[in-house]
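protein23.txt (compact mmCIF, C-alpha atoms) appears below.
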# COMPACT_ATOMS: atom_id res chain seq x y z
CA MET N 1 -66.50 68.75 12.52
CA THR N 2 -66.76 69.58 16.20
CA ILE N 3 -66.64 67.48 19.30
CA ALA N 4 -67.49 68.11 22.92
CA THR N 5 -64.37 68.23 25.09
CA ASN N 6 -64.99 69.10 28.73
CA ASN N 7 -67.51 71.89 28.37
CA ILE N 8 -66.50 73.34 25.02
CA SER N 9 -66.58 72.25 21.40
CA LEU N 10 -63.23 72.03 19.66
CA PRO N 11 -62.77 71.42 15.94
CA ALA N 12 -60.83 68.20 15.27
CA ASP N 13 -57.10 68.78 15.15
CA TRP N 14 -55.24 68.24 11.85
CA ARG N 15 -53.12 65.62 13.64
CA ASP N 16 -56.25 63.58 14.23
CA PHE N 17 -56.92 63.52 10.49
CA TRP N 18 -53.31 62.42 10.01
CA ALA N 19 -53.80 59.66 12.59
CA LEU N 20 -56.84 58.42 10.65
CA THR N 21 -54.54 57.49 7.76
CA LYS N 22 -52.60 54.96 9.93
CA PRO N 23 -49.17 56.45 9.11
CA ARG N 24 -47.20 53.41 10.30
CA VAL N 25 -49.10 51.05 8.02
CA MET N 26 -48.73 53.62 5.26
CA SER N 27 -44.93 53.53 5.58
CA LEU N 28 -44.88 49.81 4.74
CA VAL N 29 -47.29 50.36 1.85
CA VAL N 30 -45.17 53.20 0.45
CA PHE N 31 -42.01 51.15 0.76
CA THR N 32 -43.36 48.05 -1.01
CA ALA N 33 -44.95 50.22 -3.72
CA LEU N 34 -41.65 52.01 -4.27
CA CYS N 35 -39.86 48.67 -4.55
CA GLY N 36 -42.44 47.48 -7.10
CA LEU N 37 -41.88 50.67 -9.04
CA LEU N 38 -38.08 50.35 -8.91
CA ALA N 39 -38.15 46.65 -9.81
CA ALA N 40 -40.22 47.24 -12.94
CA PRO N 41 -38.47 47.29 -16.31
CA GLY N 42 -38.51 50.56 -18.21
CA SER N 43 -38.52 54.05 -16.83
CA ILE N 44 -40.92 56.63 -15.49
CA HIS N 45 -40.40 60.36 -15.08
CA PRO N 46 -39.44 61.15 -11.45
CA VAL N 47 -42.39 63.55 -11.09
CA LEU N 48 -44.82 60.85 -12.20
CA ALA N 49 -43.08 58.29 -9.99
CA PHE N 50 -43.50 60.65 -7.03
CA THR N 51 -47.14 61.19 -7.98
CA ALA N 52 -47.75 57.43 -8.19
CA ILE N 53 -46.23 56.84 -4.75
CA LEU N 54 -48.17 59.80 -3.31
CA CYS N 55 -51.42 58.41 -4.74
CA ILE N 56 -50.70 54.93 -3.36
CA ALA N 57 -49.94 56.45 0.06
CA THR N 58 -53.10 58.57 -0.10
CA GLY N 59 -55.14 55.54 -1.14
CA ALA N 60 -53.74 53.61 1.83
CA GLY N 61 -54.65 56.58 4.03
CA ALA N 62 -58.19 56.54 2.63
CA SER N 63 -58.47 52.83 3.44
CA GLY N 64 -57.26 53.51 6.99
CA ALA N 65 -59.74 56.37 7.48
CA LEU N 66 -62.68 54.33 6.17
CA ASN N 67 -61.60 51.39 8.33
CA GLN N 68 -61.52 53.59 11.45
CA TRP N 69 -64.86 55.17 10.52
CA TYR N 70 -66.51 51.74 10.32
CA GLU N 71 -64.76 50.25 13.36
CA ALA N 72 -65.03 53.20 15.77
CA GLU N 73 -67.12 51.20 18.26
CA LEU N 74 -64.90 48.11 18.02
CA ASP N 75 -61.77 50.23 18.45
CA ALA N 76 -63.17 51.66 21.69
CA LYS N 77 -63.19 48.13 23.15
CA MET N 78 -59.52 47.40 22.48
CA LYS N 79 -56.64 48.89 24.47
CA ARG N 80 -54.44 49.06 21.36
CA THR N 81 -56.94 51.20 19.46
CA ALA N 82 -58.94 53.01 22.16
CA GLY N 83 -56.75 56.12 21.83
CA ARG N 84 -57.59 56.66 18.15
CA PRO N 85 -59.38 59.92 17.28
CA LEU N 86 -62.89 58.44 16.90
CA PRO N 87 -63.11 56.15 19.96
CA ASP N 88 -61.39 58.85 22.02
CA GLY N 89 -64.10 61.35 21.00
CA ARG N 90 -61.76 63.83 19.34
CA MET N 91 -63.61 63.74 16.03
CA GLU N 92 -67.06 63.05 14.63
CA ARG N 93 -67.54 59.83 12.68
CA GLU N 94 -68.99 61.70 9.72
CA SER N 95 -65.77 63.70 9.36
CA ALA N 96 -63.76 60.48 9.13
CA LEU N 97 -66.10 59.12 6.44
CA GLN N 98 -65.92 62.31 4.38
CA PHE N 99 -62.14 62.44 4.78
CA GLY N 100 -61.77 58.81 3.68
CA ILE N 101 -64.01 59.16 0.63
CA GLY N 102 -62.29 62.41 -0.34
CA LEU N 103 -58.82 60.86 -0.12
CA ALA N 104 -59.94 57.79 -2.09
CA ALA N 105 -61.44 59.88 -4.90
CA PHE N 106 -58.39 62.14 -4.99
CA SER N 107 -55.85 59.30 -5.08
CA VAL N 108 -57.61 57.27 -7.78
CA GLY N 109 -58.42 60.33 -9.93
CA ILE N 110 -54.90 61.76 -9.88
CA MET N 111 -53.35 58.33 -10.45
CA GLY N 112 -55.55 57.81 -13.51
CA VAL N 113 -55.00 61.22 -15.02
CA ALA N 114 -51.28 61.59 -14.25
CA VAL N 115 -49.96 58.00 -14.42
CA ASN N 116 -52.24 55.42 -16.06
CA TRP N 117 -55.71 53.95 -15.56
CA LEU N 118 -54.53 50.38 -14.95
CA SER N 119 -52.69 51.42 -11.79
CA ALA N 120 -55.63 53.67 -10.84
CA GLY N 121 -58.04 50.75 -11.29
CA ILE N 122 -55.96 48.44 -9.09
CA LEU N 123 -55.65 51.23 -6.50
CA ALA N 124 -59.44 51.71 -6.49
CA PHE N 125 -59.98 47.97 -6.13
CA SER N 126 -57.47 47.73 -3.26
CA ILE N 127 -59.26 50.55 -1.36
CA PHE N 128 -62.61 48.83 -1.96
CA PHE N 129 -61.17 45.46 -0.93
CA TYR N 130 -59.76 46.79 2.35
CA ALA N 131 -62.67 49.05 3.32
CA VAL N 132 -65.58 46.87 2.22
CA VAL N 133 -64.49 43.25 1.66
CA TYR N 134 -62.05 43.05 4.59
CA THR N 135 -63.33 45.61 7.13
CA MET N 136 -67.08 45.24 6.70
CA TRP N 137 -67.42 41.64 5.57
CA LEU N 138 -64.48 39.35 6.42
CA LYS N 139 -63.11 40.79 9.66
CA PRO N 140 -66.26 40.52 11.79
CA ASN N 141 -67.38 37.19 10.27
CA THR N 142 -64.54 34.73 9.77
CA PRO N 143 -61.26 33.74 11.46
CA GLN N 144 -59.82 33.56 7.93
CA ASN N 145 -60.30 37.36 7.74
CA ILE N 146 -56.64 38.25 7.47
CA VAL N 147 -55.85 35.41 5.03
CA ILE N 148 -58.20 36.74 2.36
CA GLY N 149 -58.00 40.34 3.57
CA GLY N 150 -54.23 40.19 3.24
CA ALA N 151 -54.77 40.74 -0.47
CA ALA N 152 -55.57 44.40 0.23
CA GLY N 153 -52.08 45.00 1.60
CA ALA N 154 -50.49 43.01 -1.22
CA PHE N 155 -51.54 45.33 -4.03
CA PRO N 156 -49.06 48.25 -3.58
CA PRO N 157 -46.04 46.67 -5.35
CA VAL N 158 -48.34 45.61 -8.20
CA ILE N 159 -49.61 49.20 -8.48
CA GLY N 160 -46.04 50.51 -8.42
CA TRP N 161 -45.09 48.08 -11.20
CA ALA N 162 -48.19 48.92 -13.27
CA ALA N 163 -47.42 52.64 -12.90
CA VAL N 164 -44.16 52.08 -14.82
CA THR N 165 -45.07 49.39 -17.33
CA GLY N 166 -48.84 49.75 -17.77
CA ASP N 167 -49.17 45.96 -17.53
CA ILE N 168 -48.81 43.09 -15.06
CA THR N 169 -46.45 40.14 -15.52
CA LEU N 170 -45.39 37.20 -13.33
CA LEU N 171 -42.93 39.08 -11.10
CA PRO N 172 -45.50 41.59 -9.71
CA VAL N 173 -47.84 38.64 -9.15
CA LEU N 174 -45.08 36.95 -7.11
CA MET N 175 -44.56 40.20 -5.16
CA PHE N 176 -48.30 40.18 -4.47
CA ALA N 177 -48.07 36.54 -3.34
CA LEU N 178 -45.10 37.33 -1.09
CA ILE N 179 -47.12 39.86 0.93
CA PHE N 180 -50.27 37.72 0.72
CA PHE N 181 -48.58 34.69 2.32
CA TRP N 182 -46.55 36.85 4.72
CA THR N 183 -49.73 38.35 6.20
CA PRO N 184 -51.14 35.28 8.05
CA PRO N 185 -48.01 34.45 10.10
CA HIS N 186 -47.43 38.17 10.73
CA PHE N 187 -50.94 38.91 11.99
CA TRP N 188 -51.52 35.62 13.79
CA ALA N 189 -48.30 36.12 15.75
CA LEU N 190 -49.75 39.50 16.82
CA ALA N 191 -53.17 37.96 17.48
CA LEU N 192 -51.63 35.35 19.79
CA PHE N 193 -50.35 37.92 22.27
CA MET N 194 -53.26 40.33 21.64
CA LYS N 195 -55.86 37.58 21.99
CA SER N 196 -57.73 39.16 24.90
CA ASP N 197 -57.88 42.52 23.09
CA TYR N 198 -59.48 41.01 19.98
CA GLY N 199 -61.73 38.83 22.13
CA ALA N 200 -63.01 41.88 24.02
CA ALA N 201 -64.02 43.45 20.72
CA GLY N 202 -65.69 40.25 19.50
CA ILE N 203 -63.43 39.94 16.46
CA PRO N 204 -63.14 36.26 15.44
CA MET N 205 -59.35 36.04 15.15
CA LEU N 206 -57.98 32.53 14.78
CA PRO N 207 -56.59 32.21 18.36
CA ASN N 208 -60.00 33.11 19.80
CA VAL N 209 -61.92 30.74 17.55
CA ALA N 210 -59.63 27.77 16.92
CA GLY N 211 -57.25 28.11 19.88
CA GLN N 212 -53.56 28.83 20.25
CA ARG N 213 -52.31 25.41 19.16
CA ALA N 214 -54.20 25.56 15.85
CA THR N 215 -52.91 29.12 15.30
CA ARG N 216 -49.30 28.07 15.90
CA ASN N 217 -49.73 25.17 13.47
CA GLN N 218 -51.12 27.55 10.85
CA ILE N 219 -48.28 30.04 11.38
CA PHE N 220 -45.70 27.31 10.90
CA GLY N 221 -47.48 25.93 7.83
CA TYR N 222 -47.82 29.33 6.16
CA SER N 223 -44.13 30.01 6.81
CA PHE N 224 -43.24 27.17 4.42
CA VAL N 225 -45.58 28.52 1.74
CA LEU N 226 -44.08 31.97 2.28
CA ALA N 227 -40.56 30.59 1.87
CA ALA N 228 -41.50 28.85 -1.39
CA VAL N 229 -43.09 32.02 -2.80
CA ALA N 230 -40.19 34.20 -1.60
CA VAL N 231 -37.47 32.21 -3.38
CA ALA N 232 -39.55 31.69 -6.55
CA PRO N 233 -38.42 34.92 -8.32
CA TRP N 234 -34.80 33.78 -7.94
CA LEU N 235 -35.45 30.15 -8.92
CA LEU N 236 -37.41 31.30 -11.98
CA GLY N 237 -34.53 33.51 -13.05
CA MET N 238 -36.30 36.84 -12.58
CA THR N 239 -33.75 38.09 -10.05
CA GLY N 240 -30.05 37.57 -9.39
CA ILE N 241 -28.01 36.32 -6.47
CA ILE N 242 -28.51 39.49 -4.36
CA TYR N 243 -32.19 38.76 -3.91
CA GLY N 244 -31.72 34.98 -3.99
CA ALA N 245 -29.21 34.89 -1.13
CA THR N 246 -31.23 37.44 0.88
CA ALA N 247 -34.46 35.48 0.39
CA VAL N 248 -32.85 32.18 1.45
CA LEU N 249 -31.33 33.74 4.56
CA LEU N 250 -34.47 35.66 5.54
CA ASN N 251 -36.73 32.65 5.13
CA ALA N 252 -34.37 30.38 7.03
CA LEU N 253 -34.57 32.84 9.94
CA PHE N 254 -38.32 33.16 9.55
CA LEU N 255 -38.72 29.38 9.70
CA VAL N 256 -36.52 29.16 12.80
CA LEU N 257 -38.63 31.80 14.57
CA ALA N 258 -41.88 30.20 13.37
CA PHE N 259 -40.61 26.86 14.67
CA ALA N 260 -39.85 28.43 18.07
CA SER N 261 -43.37 29.87 18.09
CA TRP N 262 -44.80 26.46 17.08
CA ARG N 263 -42.98 24.76 19.98
CA SER N 264 -44.08 27.41 22.45
CA GLU N 265 -46.84 26.48 24.88
CA SER N 266 -47.17 29.95 26.44
CA ILE N 267 -50.70 30.94 27.28
CA ASP N 268 -50.06 34.28 28.97
CA ALA N 269 -49.27 37.15 26.58
CA ALA N 270 -46.43 38.32 28.82
CA ASP N 271 -44.61 34.99 28.31
CA MET N 272 -44.97 34.89 24.54
CA LYS N 273 -41.42 35.94 23.70
CA ALA N 274 -41.19 33.63 20.67
CA GLU N 275 -44.38 35.05 19.17
CA LYS N 276 -43.27 38.64 19.82
CA ARG N 277 -39.88 37.92 18.21
CA LEU N 278 -41.59 36.42 15.17
CA PHE N 279 -43.90 39.43 14.85
CA ALA N 280 -41.05 41.94 15.14
CA PHE N 281 -38.89 40.00 12.67
CA SER N 282 -41.75 39.68 10.18
CA VAL N 283 -41.86 43.47 9.77
CA LEU N 284 -38.11 43.59 9.20
CA TYR N 285 -38.41 40.59 6.86
CA LEU N 286 -40.73 42.38 4.48
CA PHE N 287 -38.62 45.54 4.39
CA ILE N 288 -35.39 43.63 3.67
CA ALA N 289 -36.96 41.25 1.13
CA PHE N 290 -38.44 44.08 -0.95
CA ALA N 291 -35.32 46.24 -0.64
CA ALA N 292 -33.20 43.31 -1.89
CA LEU N 293 -35.62 42.65 -4.73
CA ALA N 294 -35.55 46.27 -5.90
CA LEU N 295 -31.78 46.50 -5.53
CA ASP N 296 -31.26 43.25 -7.41
CA ARG N 297 -33.49 44.29 -10.29
CA MET N 298 -31.79 47.68 -10.50
CA VAL N 299 -28.37 45.99 -10.62
CA LEU N 300 -29.63 43.57 -13.28
CA ALA N 301 -31.03 46.46 -15.31
CA MET M 1 -80.75 118.84 25.48
CA ASN M 2 -78.89 115.63 25.89
CA ASP M 3 -76.16 116.48 28.30
CA GLN M 4 -75.20 112.84 28.75
CA ALA M 5 -71.86 112.31 26.98
CA THR M 6 -71.40 109.24 24.82
CA PRO M 7 -69.62 106.65 26.98
CA PRO M 8 -66.07 105.89 25.91
CA PRO M 9 -65.64 102.64 24.02
CA VAL M 10 -64.96 99.75 26.33
CA ASP M 11 -62.04 97.50 25.49
CA MET M 12 -63.67 94.07 25.14
CA GLY M 13 -60.34 92.31 24.56
CA PRO M 14 -60.02 89.68 21.83
CA ARG M 15 -63.32 88.80 20.16
CA LYS M 16 -64.89 85.62 21.47
CA VAL M 17 -66.59 82.77 19.63
CA GLY M 18 -70.27 82.45 20.62
CA ASP M 19 -70.79 82.09 24.33
CA LEU M 20 -67.37 80.68 25.04
CA SER M 21 -65.05 82.10 27.66
CA LEU M 22 -61.87 83.82 26.54
CA GLU M 23 -59.74 80.72 27.22
CA GLU M 24 -62.15 78.48 25.36
CA SER M 25 -62.36 80.93 22.52
CA ASN M 26 -58.59 81.04 22.26
CA ALA M 27 -58.43 77.24 22.23
CA VAL M 28 -60.93 77.07 19.35
CA ARG M 29 -59.07 79.73 17.40
CA ALA M 30 -55.71 77.98 17.93
CA ARG M 31 -57.21 74.71 16.65
CA GLN M 32 -58.72 76.47 13.64
CA ALA M 33 -55.41 78.20 12.93
CA GLY M 34 -53.58 74.87 13.01
CA ARG M 35 -56.05 73.35 10.56
CA SER M 36 -55.86 76.36 8.28
CA LYS M 37 -52.05 76.16 8.17
CA ALA M 38 -52.17 72.42 7.44
CA MET M 39 -54.71 73.01 4.66
CA ALA M 40 -52.60 75.84 3.21
CA PHE M 41 -49.55 73.57 3.20
CA VAL M 42 -51.49 70.79 1.43
CA LEU M 43 -52.98 73.14 -1.16
CA PHE M 44 -49.64 74.75 -1.90
CA GLY M 45 -48.08 71.31 -2.34
CA LEU M 46 -50.89 70.24 -4.68
CA CYS M 47 -50.49 73.38 -6.79
CA ALA M 48 -46.77 72.65 -7.16
CA LEU M 49 -47.46 68.99 -7.96
CA PHE M 50 -50.14 69.73 -10.56
CA PHE M 51 -47.88 72.28 -12.19
CA ALA M 52 -45.04 69.74 -12.34
CA ILE M 53 -47.34 67.01 -13.72
CA THR M 54 -48.61 69.38 -16.39
CA VAL M 55 -45.09 70.34 -17.41
CA VAL M 56 -44.09 66.66 -17.65
CA LYS M 57 -47.22 65.67 -19.57
CA VAL M 58 -46.95 68.56 -22.01
CA GLY M 59 -43.31 67.63 -22.49
CA VAL M 60 -41.70 71.01 -21.98
CA TRP M 61 -38.47 69.41 -20.75
CA GLY M 62 -38.73 66.32 -22.91
Structure re-expressed in structure tokens:
Amino acid sequence: MTIATNNISLPADWRDFWALTKPRVMSLVVFTALCGLLAAPGSIHPVLAFTAILCIATGAGASGALNQWYEAELDAKMKRTAGRPLPDGRMERESALQFGIGLAAFSVGIMGVAVNWLSAGILAFSIFFYAVVYTMWLKPNTPQNIVIGGAAGAFPPVIGWAAVTGDITLLPVLMFALIFFWTPPHFWALALFMKSDYGAAGIPMLPNVAGQRATRNQIFGYSFVLAAVAVAPWLLGMTGIIYGATAVLLNALFLVLAFASWRSESIDAADMKAEKRLFAFSVLYLFIAFAALALDRMVLA
Amino acid sequence: MNDQATPPPVDMGPRKVGDLSLEESNAVRARQAGRSKAMAFVLFGLCALFFAITVVKVGVWG
């Protein structure tokens, strides 16, 4: 639990443990899980709802800690991640591993005992998928890493739904698909202007392997799939006009920004305004889409 | 026989950790105190949460 700083050994700070959980990623996970929980039919006691969200957040934190434990050496090679507790030498790797395993066990155990074992099982699988399938297997080996790995981030609304209903129907599957097909254009837009960073770490992101033109084509193509999946809940009659109108508007904007990115020929990261706009909007897109979905379902209920 | 008086106790200041200097020792203790407070906060929160879950599960308030 100690590290050498200058000439003395300091125990890792509690803020470093907090940083291991990737709090910014966790906020998106918590939000989508909450929307899944609110969109589900039926009711859940507020204490159990809070517990479910806490367990999902803790599970996401466990995934982040295990990811940083495994990628400490890679993180040290990238500017964006070099300041994290492990590459910066503020904490021992073993501490991060123990912290991650502890959080994972805690989150799954409490979810199972307090809420239900279906949601606990999906939570356990999502932690395994992110830490093992994505981090250890897909990410260092294939440029399709974030396409398949995107599934890990798509589970929270399904877990939120399952916490209330104890089952899974078509709507949570569509919520899963929404995040799943949102992930490629979101991450590839980031990878385009972070290409050198990923390249330095030897991570085979699509722009490094297939080039920028192929990446822009893929972003544009996935944006159409995303739009189709996003409006499906409305077209299938599972939501009302609040979500329907929001989804149409959001996806029209997304397609416009993806088109601008597709037309862009910028090579230098500093000139990639279209890609940066698409990336920034994609974060907002997910927040608004899920908020509208939850609101719509609550109004319908 | 022994006319040498016992020397008065010397004020050693705050106790130090191992062979660390006073500043280093204080830095370690401040870090440990921060972690202890964070752990106390987490444990207190968990106690409250487990109590609430138990009450809900047992059905005291319906």
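When CA of Lys139 (chain N) is paired with CA of Val29 (chain N), their separation reads 20.1 Å.
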> Contacts of Met39 (chain M) at 10 Å or less, counting only C-alpha atoms, minus same-chain residues fewer than 6 places along, as JSON, numbers by chain?
Replying inline: {"N": [14], "M": [33, 45]}
Keeping only C-alpha atoms, take the residues you just selected and write them out as a PDB file, keeping the file's coordinate frame.
ATOM      1  CA  TRP N  14     -55.240  68.240  11.850  1.00  0.00           C
TER       2      TRP N  14
ATOM      3  CA  ALA M  33     -55.410  78.200  12.930  1.00  0.00           C
ATOM      4  CA  GLY M  45     -48.080  71.310  -2.340  1.00  0.00           C
TER       5      GLY M  45
END
> Taking all atoms listed in the file into account, which residues of chain N are within 7 Å of chain M, as a ChimeraX atom specification?
Replying inline: /N:8,10-11,13-14,47-48,114
> Which is closer to Phe31 (chain N) than all the others in N:Val115, N:Ala154, N:Val132, N:Ala72, using only C-alpha atoms?
Replying inline: N:Ala154
>> Taking 2 positions as the minimum chain separation for residues in the same chain, which residues sit within 8 Å of Leu171 (chain N) when counting all atoms listed in the file? Answer as a PyMOL selection string.
In response: chain N and resi 169+173-175+233+238
Only C-alpha atoms, please: the residues just picked out, written as a PDB file, keeping the file's coordinate frame.
ATOM      1  CA  THR N 169     -46.450  40.140 -15.520  1.00  0.00           C
ATOM      2  CA  VAL N 173     -47.840  38.640  -9.150  1.00  0.00           C
ATOM      3  CA  LEU N 174     -45.080  36.950  -7.110  1.00  0.00           C
ATOM      4  CA  MET N 175     -44.560  40.200  -5.160  1.00  0.00           C
ATOM      5  CA  PRO N 233     -38.420  34.920  -8.320  1.00  0.00           C
ATOM      6  CA  MET N 238     -36.300  36.840 -12.580  1.00  0.00           C
TER       7      MET N 238
END
>> Could you tell me how far CA of Leu97 (chain N) sits from CA of Ser196 (chain N), in Å to one decimal place?
In response: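 Spanning CA of Ser196 (chain N) to CA of Leu97 (chain N) is a straight-line distance of 28.4 Å.
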> What does the distance from CA of Leu66 (chain N) to CA of Ala131 (chain N) come to in Å, to one decimal?
Replying inline: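 CA of Ala131 (chain N) lies 6.0 Å from CA of Leu66 (chain N).
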> What lies within 10 Å of region 161-168 of chain N using only C-alpha atoms, ignoring chain neighbours under 6 positions off, as a PyMOL selection string?
Replying inline: chain N and resi 33-45+48-49+51-53+111-112+114-120+122+175
>> Residues near Met205 (chain N), anyone? I mean within 9 Å using all atoms listed in the file, not counting same-chain ones fewer than 2 positions away, as a ChimeraX atom specification.
In response: /N:139-140,142-146,188,191,195,198-199,202-203,207-210
> Using only C-alpha atoms, which of the listed residues (N:Ile179, N:Leu123, N:Ala57, N:Ala292) sits closest to Leu226 (chain N)?
Replying inline: N:Ile179
Output requested as a tab-separated table (two decimals), in the frame of the given file - region 33-54 of chain M, filled out with N, CA and C atoms.
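That gives us part.tsv:
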chain	number	residue	atom	x	y	z
M	33	ALA	N	-56.61	77.69	13.58
M	33	ALA	CA	-55.41	78.20	12.93
M	33	ALA	C	-54.51	77.05	12.49
M	34	GLY	N	-54.39	76.05	13.35
M	34	GLY	CA	-53.58	74.87	13.01
M	34	GLY	C	-54.12	74.17	11.78
M	35	ARG	N	-55.43	74.01	11.72
M	35	ARG	CA	-56.05	73.35	10.56
M	35	ARG	C	-55.88	74.18	9.29
M	36	SER	N	-56.01	75.48	9.46
M	36	SER	CA	-55.86	76.36	8.28
M	36	SER	C	-54.44	76.27	7.73
M	37	LYS	N	-53.46	76.26	8.63
M	37	LYS	CA	-52.05	76.16	8.17
M	37	LYS	C	-51.81	74.83	7.48
M	38	ALA	N	-52.35	73.74	8.07
M	38	ALA	CA	-52.17	72.42	7.44
M	38	ALA	C	-52.82	72.40	6.05
M	39	MET	N	-54.00	72.98	5.95
M	39	MET	CA	-54.71	73.01	4.66
M	39	MET	C	-53.93	73.85	3.65
M	40	ALA	N	-53.38	74.98	4.10
M	40	ALA	CA	-52.60	75.84	3.21
M	40	ALA	C	-51.37	75.09	2.69
M	41	PHE	N	-50.74	74.35	3.57
M	41	PHE	CA	-49.55	73.57	3.20
M	41	PHE	C	-49.92	72.52	2.14
M	42	VAL	N	-51.04	71.82	2.38
M	42	VAL	CA	-51.49	70.79	1.43
M	42	VAL	C	-51.83	71.41	0.08
M	43	LEU	N	-52.56	72.51	0.10
M	43	LEU	CA	-52.98	73.14	-1.16
M	43	LEU	C	-51.79	73.68	-1.94
M	44	PHE	N	-50.83	74.24	-1.23
M	44	PHE	CA	-49.64	74.75	-1.90
M	44	PHE	C	-48.88	73.58	-2.55
M	45	GLY	N	-48.76	72.49	-1.81
M	45	GLY	CA	-48.08	71.31	-2.34
M	45	GLY	C	-48.79	70.77	-3.57
M	46	LEU	N	-50.12	70.75	-3.53
M	46	LEU	CA	-50.89	70.24	-4.68
M	46	LEU	C	-50.72	71.14	-5.90
M	47	CYS	N	-50.70	72.45	-5.67
M	47	CYS	CA	-50.49	73.38	-6.79
M	47	CYS	C	-49.15	73.09	-7.46
M	48	ALA	N	-48.11	72.93	-6.64
M	48	ALA	CA	-46.77	72.65	-7.16
M	48	ALA	C	-46.77	71.32	-7.91
M	49	LEU	N	-47.43	70.32	-7.33
M	49	LEU	CA	-47.46	68.99	-7.96
M	49	LEU	C	-48.20	69.02	-9.30
M	50	PHE	N	-49.36	69.66	-9.31
M	50	PHE	CA	-50.14	69.73	-10.56
M	50	PHE	C	-49.38	70.48	-11.65
M	51	PHE	N	-48.68	71.53	-11.23
M	51	PHE	CA	-47.88	72.28	-12.19
M	51	PHE	C	-46.79	71.37	-12.78
M	52	ALA	N	-46.11	70.63	-11.89
M	52	ALA	CA	-45.04	69.74	-12.34
M	52	ALA	C	-45.59	68.64	-13.26
M	53	ILE	N	-46.74	68.07	-12.88
M	53	ILE	CA	-47.34	67.01	-13.72
M	53	ILE	C	-47.68	67.56	-15.10
M	54	THR	N	-48.25	68.76	-15.11
M	54	THR	CA	-48.61	69.38	-16.39
M	54	THR	C	-47.39	69.59	-17.27
